[in-house]
>>> print(open('structure37.pdb').read())   # PDB, C-alpha atoms and all ligand atoms
ATOM      1  CA  MET A   1    -125.565 -17.057  29.908
ATOM      2  CA  GLU A   2    -125.885 -14.752  32.857
ATOM      3  CA  ASP A   3    -126.502 -15.996  36.300
ATOM      4  CA  GLU A   4    -129.551 -14.028  37.294
ATOM      5  CA  THR A   5    -129.425 -14.791  40.944
ATOM      6  CA  GLY A   6    -127.956 -12.153  43.150
ATOM      7  CA  GLU A   7    -127.167  -8.635  42.104
ATOM      8  CA  PRO A   8    -124.190  -6.425  42.710
ATOM      9  CA  ASP A   9    -124.316  -4.519  46.001
ATOM     10  CA  GLU A  10    -127.372  -6.436  47.011
ATOM     11  CA  ALA A  11    -127.313  -7.033  50.733
ATOM     12  CA  GLY A  12    -129.511  -9.265  52.770
ATOM     13  CA  SER A  13    -131.325 -11.031  49.998
ATOM     14  CA  ASN A  14    -131.985 -14.546  51.081
ATOM     15  CA  PRO A  15    -132.471 -16.854  48.149
ATOM     16  CA  LYS A  16    -133.837 -19.604  50.339
ATOM     17  CA  GLY A  17    -136.405 -17.211  51.738
ATOM     18  CA  SER A  18    -137.778 -19.594  54.254
ATOM     19  CA  GLN A  19    -136.494 -18.617  57.661
ATOM     20  CA  GLY A  20    -139.327 -19.143  60.027
ATOM     21  CA  ARG A  21    -142.719 -18.941  58.508
ATOM     22  CA  PRO A  22    -142.877 -16.551  55.587
ATOM     23  CA  SER A  23    -144.919 -13.479  56.237
ATOM     24  CA  ALA A  24    -147.163 -14.206  53.294
ATOM     25  CA  ARG A  25    -150.404 -15.254  54.841
ATOM     26  CA  SER A  26    -152.870 -16.831  52.519
ATOM     27  CA  VAL A  27    -155.353 -14.527  50.923
ATOM     28  CA  SER A  28    -158.218 -16.429  52.458
ATOM     29  CA  GLU A  29    -156.887 -15.717  55.934
ATOM     30  CA  ASP A  30    -156.682 -12.052  55.107
ATOM     31  CA  ARG A  31    -160.148 -11.994  53.747
ATOM     32  CA  LEU A  32    -161.497 -13.818  56.743
ATOM     33  CA  SER A  33    -160.080 -11.324  59.182
ATOM     34  CA  GLY A  34    -161.337  -8.525  56.975
ATOM     35  CA  ARG A  35    -164.789  -9.957  57.098
ATOM     36  CA  GLU A  36    -164.640 -10.277  60.860
ATOM     37  CA  ARG A  37    -163.805  -6.619  61.098
ATOM     38  CA  GLY A  38    -166.585  -5.791  58.680
ATOM     39  CA  GLN A  39    -164.181  -4.165  56.262
ATOM     40  CA  GLU A  40    -164.717  -6.305  53.271
ATOM     41  CA  LYS A  41    -166.030  -5.302  49.891
ATOM     42  CA  VAL A  42    -165.734  -1.533  49.872
ATOM     43  CA  GLY A  43    -163.276  -0.687  47.153
ATOM     44  CA  ASP A  44    -162.449  -4.314  46.580
ATOM     45  CA  GLU A  45    -161.792  -5.047  42.943
ATOM     46  CA  PRO A  46    -164.709  -7.143  41.818
ATOM     47  CA  GLY A  47    -163.898 -10.553  40.465
ATOM     48  CA  ARG A  48    -160.250 -10.360  41.245
ATOM     49  CA  HIS A  49    -160.422 -12.951  43.969
ATOM     50  CA  ASP A  50    -162.216 -15.395  41.729
ATOM     51  CA  VAL A  51    -159.242 -16.398  39.610
ATOM     52  CA  PHE A  52    -158.899 -19.622  41.558
ATOM     53  CA  THR A  53    -161.379 -22.313  42.298
ATOM     54  CA  PRO A  54    -161.083 -23.272  45.991
ATOM     55  CA  GLU A  55    -159.182 -26.433  45.014
ATOM     56  CA  GLU A  56    -156.776 -24.508  42.845
ATOM     57  CA  ARG A  57    -156.236 -21.978  45.575
ATOM     58  CA  SER A  58    -155.263 -24.515  48.190
ATOM     59  CA  ARG A  59    -153.028 -26.342  45.747
ATOM     60  CA  VAL A  60    -151.328 -23.149  44.690
ATOM     61  CA  MET A  61    -150.925 -21.827  48.206
ATOM     62  CA  ALA A  62    -149.432 -25.114  49.322
ATOM     63  CA  ARG A  63    -146.901 -24.879  46.533
ATOM     64  CA  VAL A  64    -146.050 -21.222  46.682
ATOM     65  CA  LYS A  65    -145.939 -20.663  50.424
ATOM     66  CA  GLY A  66    -142.670 -21.320  52.146
ATOM     67  CA  LYS A  67    -141.013 -22.608  49.034
ATOM     68  CA  ASP A  68    -137.961 -21.344  47.304
ATOM     69  CA  THR A  69    -139.144 -17.899  46.278
ATOM     70  CA  LYS A  70    -136.917 -17.431  43.273
ATOM     71  CA  PRO A  71    -139.051 -15.613  40.726
ATOM     72  CA  GLU A  72    -138.959 -18.293  38.079
ATOM     73  CA  LEU A  73    -139.808 -21.046  40.533
ATOM     74  CA  LYS A  74    -142.721 -19.029  41.790
ATOM     75  CA  VAL A  75    -144.165 -18.711  38.307
ATOM     76  CA  ARG A  76    -143.576 -22.383  37.601
ATOM     77  CA  SER A  77    -145.295 -23.445  40.812
ATOM     78  CA  LEU A  78    -148.229 -21.213  40.132
ATOM     79  CA  ALA A  79    -148.654 -22.319  36.522
ATOM     80  CA  HIS A  80    -148.387 -25.924  37.581
ATOM     81  CA  GLY A  81    -150.903 -25.419  40.379
ATOM     82  CA  LEU A  82    -153.326 -23.929  37.881
ATOM     83  CA  GLY A  83    -153.092 -27.106  35.856
ATOM     84  CA  TYR A  84    -150.862 -25.945  33.006
ATOM     85  CA  ARG A  85    -148.158 -28.246  31.756
ATOM     86  CA  PHE A  86    -145.020 -26.870  30.250
ATOM     87  CA  ARG A  87    -141.422 -27.484  29.313
ATOM     88  CA  LEU A  88    -138.465 -25.629  30.693
ATOM     89  CA  HIS A  89    -135.707 -23.802  28.852
ATOM     90  CA  ARG A  90    -136.161 -25.277  25.407
ATOM     91  CA  LYS A  91    -132.858 -24.584  23.759
ATOM     92  CA  ASP A  92    -134.222 -24.984  20.253
ATOM     93  CA  LEU A  93    -136.266 -21.786  20.661
ATOM     94  CA  PRO A  94    -134.862 -18.259  20.450
ATOM     95  CA  GLY A  95    -133.788 -17.002  23.852
ATOM     96  CA  THR A  96    -134.292 -20.380  25.581
ATOM     97  CA  PRO A  97    -137.605 -19.333  27.163
ATOM     98  CA  ASP A  98    -138.092 -20.096  30.859
ATOM     99  CA  LEU A  99    -141.478 -21.766  30.422
ATOM    100  CA  VAL A 100    -142.651 -23.241  27.123
ATOM    101  CA  PHE A 101    -146.247 -24.288  26.430
ATOM    102  CA  PRO A 102    -145.871 -26.269  23.206
ATOM    103  CA  GLY A 103    -149.547 -27.006  22.527
ATOM    104  CA  ARG A 104    -150.362 -23.325  22.772
ATOM    105  CA  SER A 105    -147.264 -22.018  20.989
ATOM    106  CA  LYS A 106    -146.693 -19.688  23.913
ATOM    107  CA  VAL A 107    -143.693 -18.952  26.048
ATOM    108  CA  ILE A 108    -143.048 -17.058  29.261
ATOM    109  CA  PHE A 109    -139.916 -15.264  30.307
ATOM    110  CA  VAL A 110    -139.389 -14.355  33.942
ATOM    111  CA  HIS A 111    -137.036 -11.420  34.027
ATOM    112  CA  GLY A 112    -135.020 -10.043  36.900
ATOM    113  CA  CYS A 113    -135.681  -6.302  37.030
ATOM    114  CA  PHE A 114    -132.064  -5.348  37.445
ATOM    115  CA  TRP A 115    -130.545  -7.644  34.863
ATOM    116  CA  HIS A 116    -133.049  -6.884  32.152
ATOM    117  CA  GLY A 117    -133.402  -3.165  32.826
ATOM    118  CA  HIS A 118    -137.025  -2.915  33.911
ATOM    119  CA  THR A 119    -138.484   0.577  34.299
ATOM    120  CA  CYS A 120    -139.263   0.007  37.992
ATOM    121  CA  ALA A 121    -137.246   1.262  40.961
ATOM    122  CA  ARG A 122    -135.199  -1.888  41.208
ATOM    123  CA  GLY A 123    -134.575  -1.981  37.493
ATOM    124  CA  SER A 124    -133.398   1.620  37.478
ATOM    125  CA  ARG A 125    -130.953   1.089  40.292
ATOM    126  CA  LYS A 126    -127.426   2.174  39.426
ATOM    127  CA  PRO A 127    -124.669   0.248  41.117
ATOM    128  CA  LYS A 128    -122.087   2.565  42.620
ATOM    129  CA  THR A 129    -119.141   0.592  41.412
ATOM    130  CA  ARG A 130    -118.410  -0.231  37.784
ATOM    131  CA  ALA A 131    -121.455   1.723  36.673
ATOM    132  CA  GLU A 132    -120.465   1.720  33.007
ATOM    133  CA  TYR A 133    -119.823  -1.966  33.017
ATOM    134  CA  TRP A 134    -123.296  -2.706  34.366
ATOM    135  CA  ALA A 135    -125.006  -0.203  32.111
ATOM    136  CA  ALA A 136    -123.405  -1.800  29.060
ATOM    137  CA  LYS A 137    -124.225  -5.279  30.212
ATOM    138  CA  ILE A 138    -127.857  -4.472  30.911
ATOM    139  CA  GLY A 139    -128.102  -2.613  27.626
ATOM    140  CA  ARG A 140    -126.957  -5.738  25.823
ATOM    141  CA  ASN A 141    -129.469  -7.847  27.705
ATOM    142  CA  ARG A 142    -132.282  -5.532  26.689
ATOM    143  CA  GLU A 143    -131.249  -5.598  23.072
ATOM    144  CA  ARG A 144    -131.106  -9.340  23.134
ATOM    145  CA  ASP A 145    -134.548  -9.541  24.785
ATOM    146  CA  GLY A 146    -135.990  -7.417  21.997
ATOM    147  CA  ARG A 147    -134.390  -9.543  19.314
ATOM    148  CA  THR A 148    -135.526 -12.744  20.989
ATOM    149  CA  GLN A 149    -139.144 -11.620  21.112
ATOM    150  CA  ALA A 150    -139.099 -10.625  17.458
ATOM    151  CA  GLU A 151    -137.583 -13.966  16.478
ATOM    152  CA  LEU A 152    -140.118 -15.918  18.491
ATOM    153  CA  LYS A 153    -142.963 -13.993  16.923
ATOM    154  CA  GLN A 154    -141.580 -14.695  13.489
ATOM    155  CA  VAL A 155    -141.705 -18.424  14.051
ATOM    156  CA  GLY A 156    -145.200 -18.297  15.502
ATOM    157  CA  TRP A 157    -144.680 -18.126  19.261
ATOM    158  CA  GLU A 158    -146.446 -15.683  21.564
ATOM    159  CA  THR A 159    -144.435 -14.265  24.421
ATOM    160  CA  LEU A 160    -145.355 -13.076  27.888
ATOM    161  CA  THR A 161    -142.674 -11.339  29.920
ATOM    162  CA  LEU A 162    -143.146 -11.349  33.673
ATOM    163  CA  TRP A 163    -141.016  -9.040  35.743
ATOM    164  CA  GLU A 164    -139.726  -9.996  39.133
ATOM    165  CA  CYS A 165    -141.460  -6.992  40.716
ATOM    166  CA  GLU A 166    -144.832  -8.115  39.396
ATOM    167  CA  LEU A 167    -144.895 -11.447  41.155
ATOM    168  CA  LYS A 168    -145.879 -10.464  44.679
ATOM    169  CA  ASP A 169    -149.628 -10.520  44.183
ATOM    170  CA  ILE A 170    -150.410 -14.162  43.523
ATOM    171  CA  ASP A 171    -153.999 -13.485  42.484
ATOM    172  CA  ALA A 172    -152.981 -10.866  39.964
ATOM    173  CA  LEU A 173    -150.281 -13.142  38.637
ATOM    174  CA  ALA A 174    -152.694 -16.063  38.305
ATOM    175  CA  ALA A 175    -155.109 -13.825  36.423
ATOM    176  CA  ARG A 176    -152.371 -12.832  33.998
ATOM    177  CA  LEU A 177    -151.334 -16.424  33.426
ATOM    178  CA  LYS A 178    -154.910 -17.432  32.725
ATOM    179  CA  ALA A 179    -155.483 -14.504  30.416
ATOM    180  CA  PHE A 180    -152.345 -15.325  28.462
ATOM    181  CA  LEU A 181    -152.668 -19.089  28.374
ATOM    182  CA  GLY A 182    -156.442 -19.364  28.127
TER     183      GLY A 182
HETATM  184 ZN    ZN B   1    -139.451  -4.387  37.930
END
>>> encode(input="structure37.pdb", output="structure tokens", more="lines below")
Ligand SMILES: [Zn+2]
Amino acid sequence: MEDETGEPDEAGSNPKGSQGRPSARSVSEDRLSGRERGQEKVGDEPGRHDVFTPEERSRVMARVKGKDTKPELKVRSLAHGLGYRFRLHRKDLPGTPDLVFPGRSKVIFVHGCFWHGHTCARGSRKPKTRAEYWAAKIGRNRERDGRTQAELKQVGWETLTLWECELKDIDALAARLKAFLG
């Protein structure tokens, strides 16, 4: 199994991510200041801020803020804060999914953009050294991801793949989790 933390040539990434207070202010703070400046509403996506009840929001923010920001942990914290219960890395399922929701027959993978060859900027990054080695490795990962999804589907499991680059907007992420998990 690959270690998905850290990437080649990656400088300055701080896996602990908690020096000082993280810059992520809570959404409610942002909205409050927006309201004070009279800038709210125009162009705001309707309904998007309603994914959380107030209780859920404070629970989730308490968990997500200032914690280890590793992508998988972020998703776990959020799902847990939303009240979902799940198992981790069930080895008896194809691909050992990161989060497993047995009652729903659903699984979630949290993929690093580089390692799994996402089509975003980070995923398309080409390391300067050993380029062929990395290209081959990532190609194999992508093939395996495709196979894994097909196998899971065959045995009755639905899959959601979350990419590292999609995790910044907590509200959007919560909406996706709710849409997938019901
Ligand atoms: Zn990406």
>>> resolve_selection(input="structure37.pdb", expression="the PyMOL selection byres (((not hetatm)) within 12 of (chain B and resi 1))", output="list of chain:residue names")
A:Pro71, A:Val110, A:His111, A:Gly112, A:Cys113, A:Phe114, A:Trp115, A:His116, A:Gly117, A:His118, A:Thr119, A:Cys120, A:Ala121, A:Arg122, A:Gly123, A:Ser124, A:Arg125, A:Thr161, A:Leu162, A:Trp163, A:Glu164, A:Cys165, A:Glu166, A:Leu167, A:Lys168
>>> atom_distance(input="structure37.pdb", atom1="atom CA of A:Phe52", atom2="atom CA of A:Phe180")
15.3 Å
>>> closest_residue(input="structure37.pdb", among="A:Tyr84, A:Glu151, A:Lys137, A:Thr53", to="A:Arg104", atoms="only C-alpha atoms")
A:Tyr84
>>> axis_aligned_box(input="structure37.pdb", around="stretch 109-123 of chain A", padding_each_side="5 Å", output="JSON")
{"center_x": -135.2, "center_y": -7.0, "center_z": 35.8, "size_x": 19.4, "size_y": 26.5, "size_z": 20.9}
>>> atom_distance(input="structure37.pdb", atom1="atom CA of A:Lys91", atom2="atom CA of A:Ala136")
25.2 Å
>>> atom_distance(input="structure37.pdb", atom1="atom CA of A:Arg90", atom2="atom CA of A:Val51")
28.5 Å
>>> closest_residue(input="structure37.pdb", among="A:His80, A:Gly95, A:Leu177, A:Val100", to="A:Asn141", atoms="all atoms listed in the file")
A:Gly95
>>> residues_around(input="structure37.pdb", residues="A:Gly83", least_positions_apart="4", cutoff="10 Å", atoms="all atoms listed in the file", output="VMD selection string")
chain A and resid 56 59 to 60 77 to 79
>>> residues_around(input="structure37.pdb", residues="A:Arg76", least_positions_apart="4", cutoff="10 Å", atoms="all atoms listed in the file", output="PDB file with C-alpha atoms, in the frame of the given file")
ATOM      1  CA  ARG A  63    -146.901 -24.879  46.533  1.00  0.00           C
ATOM      2  CA  VAL A  64    -146.050 -21.222  46.682  1.00  0.00           C
ATOM      3  CA  PRO A  71    -139.051 -15.613  40.726  1.00  0.00           C
ATOM      4  CA  GLU A  72    -138.959 -18.293  38.079  1.00  0.00           C
ATOM      5  CA  HIS A  80    -148.387 -25.924  37.581  1.00  0.00           C
ATOM      6  CA  GLY A  81    -150.903 -25.419  40.379  1.00  0.00           C
ATOM      7  CA  LEU A  82    -153.326 -23.929  37.881  1.00  0.00           C
ATOM      8  CA  TYR A  84    -150.862 -25.945  33.006  1.00  0.00           C
ATOM      9  CA  ARG A  85    -148.158 -28.246  31.756  1.00  0.00           C
ATOM     10  CA  PHE A  86    -145.020 -26.870  30.250  1.00  0.00           C
ATOM     11  CA  ARG A  87    -141.422 -27.484  29.313  1.00  0.00           C
ATOM     12  CA  LEU A  88    -138.465 -25.629  30.693  1.00  0.00           C
ATOM     13  CA  ASP A  98    -138.092 -20.096  30.859  1.00  0.00           C
ATOM     14  CA  LEU A  99    -141.478 -21.766  30.422  1.00  0.00           C
ATOM     15  CA  ILE A 108    -143.048 -17.058  29.261  1.00  0.00           C
ATOM     16  CA  VAL A 110    -139.389 -14.355  33.942  1.00  0.00           C
TER      17      VAL A 110
END
>>> residues_around(input="structure37.pdb", residues="A:Lys126", least_positions_apart="5", cutoff="9 Å", atoms="all atoms listed in the file", output="number ranges by chain")
A: 131, 134-135
>>> closest_residue(input="structure37.pdb", among="A:Ser58, A:Pro94, A:Ala179, A:Phe109", to="A:Arg147", atoms="only C-alpha atoms")
A:Pro94
>>> build_atoms(input="structure37.pdb", residues="stretch 158-171 of chain A", atoms="N, CA and C atoms", output="compact mmCIF listing (two decimals), in the coordinates of the input")
# COMPACT_ATOMS: atom_id res chain seq x y z
N GLU A 158 -146.06 -16.87 20.81
CA GLU A 158 -146.45 -15.68 21.56
C GLU A 158 -145.65 -15.63 22.86
N THR A 159 -145.29 -14.43 23.24
CA THR A 159 -144.44 -14.26 24.42
C THR A 159 -145.11 -13.44 25.50
N LEU A 160 -144.97 -13.89 26.74
CA LEU A 160 -145.35 -13.08 27.89
C LEU A 160 -144.10 -12.88 28.74
N THR A 161 -143.80 -11.63 29.04
CA THR A 161 -142.67 -11.34 29.92
C THR A 161 -143.20 -10.95 31.29
N LEU A 162 -142.78 -11.67 32.30
CA LEU A 162 -143.15 -11.35 33.67
C LEU A 162 -141.93 -10.79 34.38
N TRP A 163 -142.12 -9.65 35.01
CA TRP A 163 -141.02 -9.04 35.74
C TRP A 163 -141.08 -9.46 37.20
N GLU A 164 -139.89 -9.62 37.73
CA GLU A 164 -139.73 -10.00 39.13
C GLU A 164 -140.61 -9.17 40.08
N CYS A 165 -140.72 -7.87 39.81
CA CYS A 165 -141.46 -6.99 40.72
C CYS A 165 -142.97 -7.18 40.59
N GLU A 166 -143.40 -7.95 39.61
CA GLU A 166 -144.83 -8.12 39.40
C GLU A 166 -145.36 -9.40 40.01
N LEU A 167 -144.52 -10.10 40.74
CA LEU A 167 -144.90 -11.45 41.16
C LEU A 167 -145.42 -11.54 42.57
N LYS A 168 -145.52 -10.40 43.26
CA LYS A 168 -145.88 -10.46 44.68
C LYS A 168 -147.34 -10.82 44.89
N ASP A 169 -148.19 -10.30 44.04
CA ASP A 169 -149.63 -10.52 44.18
C ASP A 169 -150.01 -11.79 43.41
N ILE A 170 -150.17 -12.86 44.15
CA ILE A 170 -150.41 -14.16 43.52
C ILE A 170 -151.70 -14.17 42.71
N ASP A 171 -152.73 -13.50 43.22
CA ASP A 171 -154.00 -13.48 42.48
C ASP A 171 -153.86 -12.76 41.15
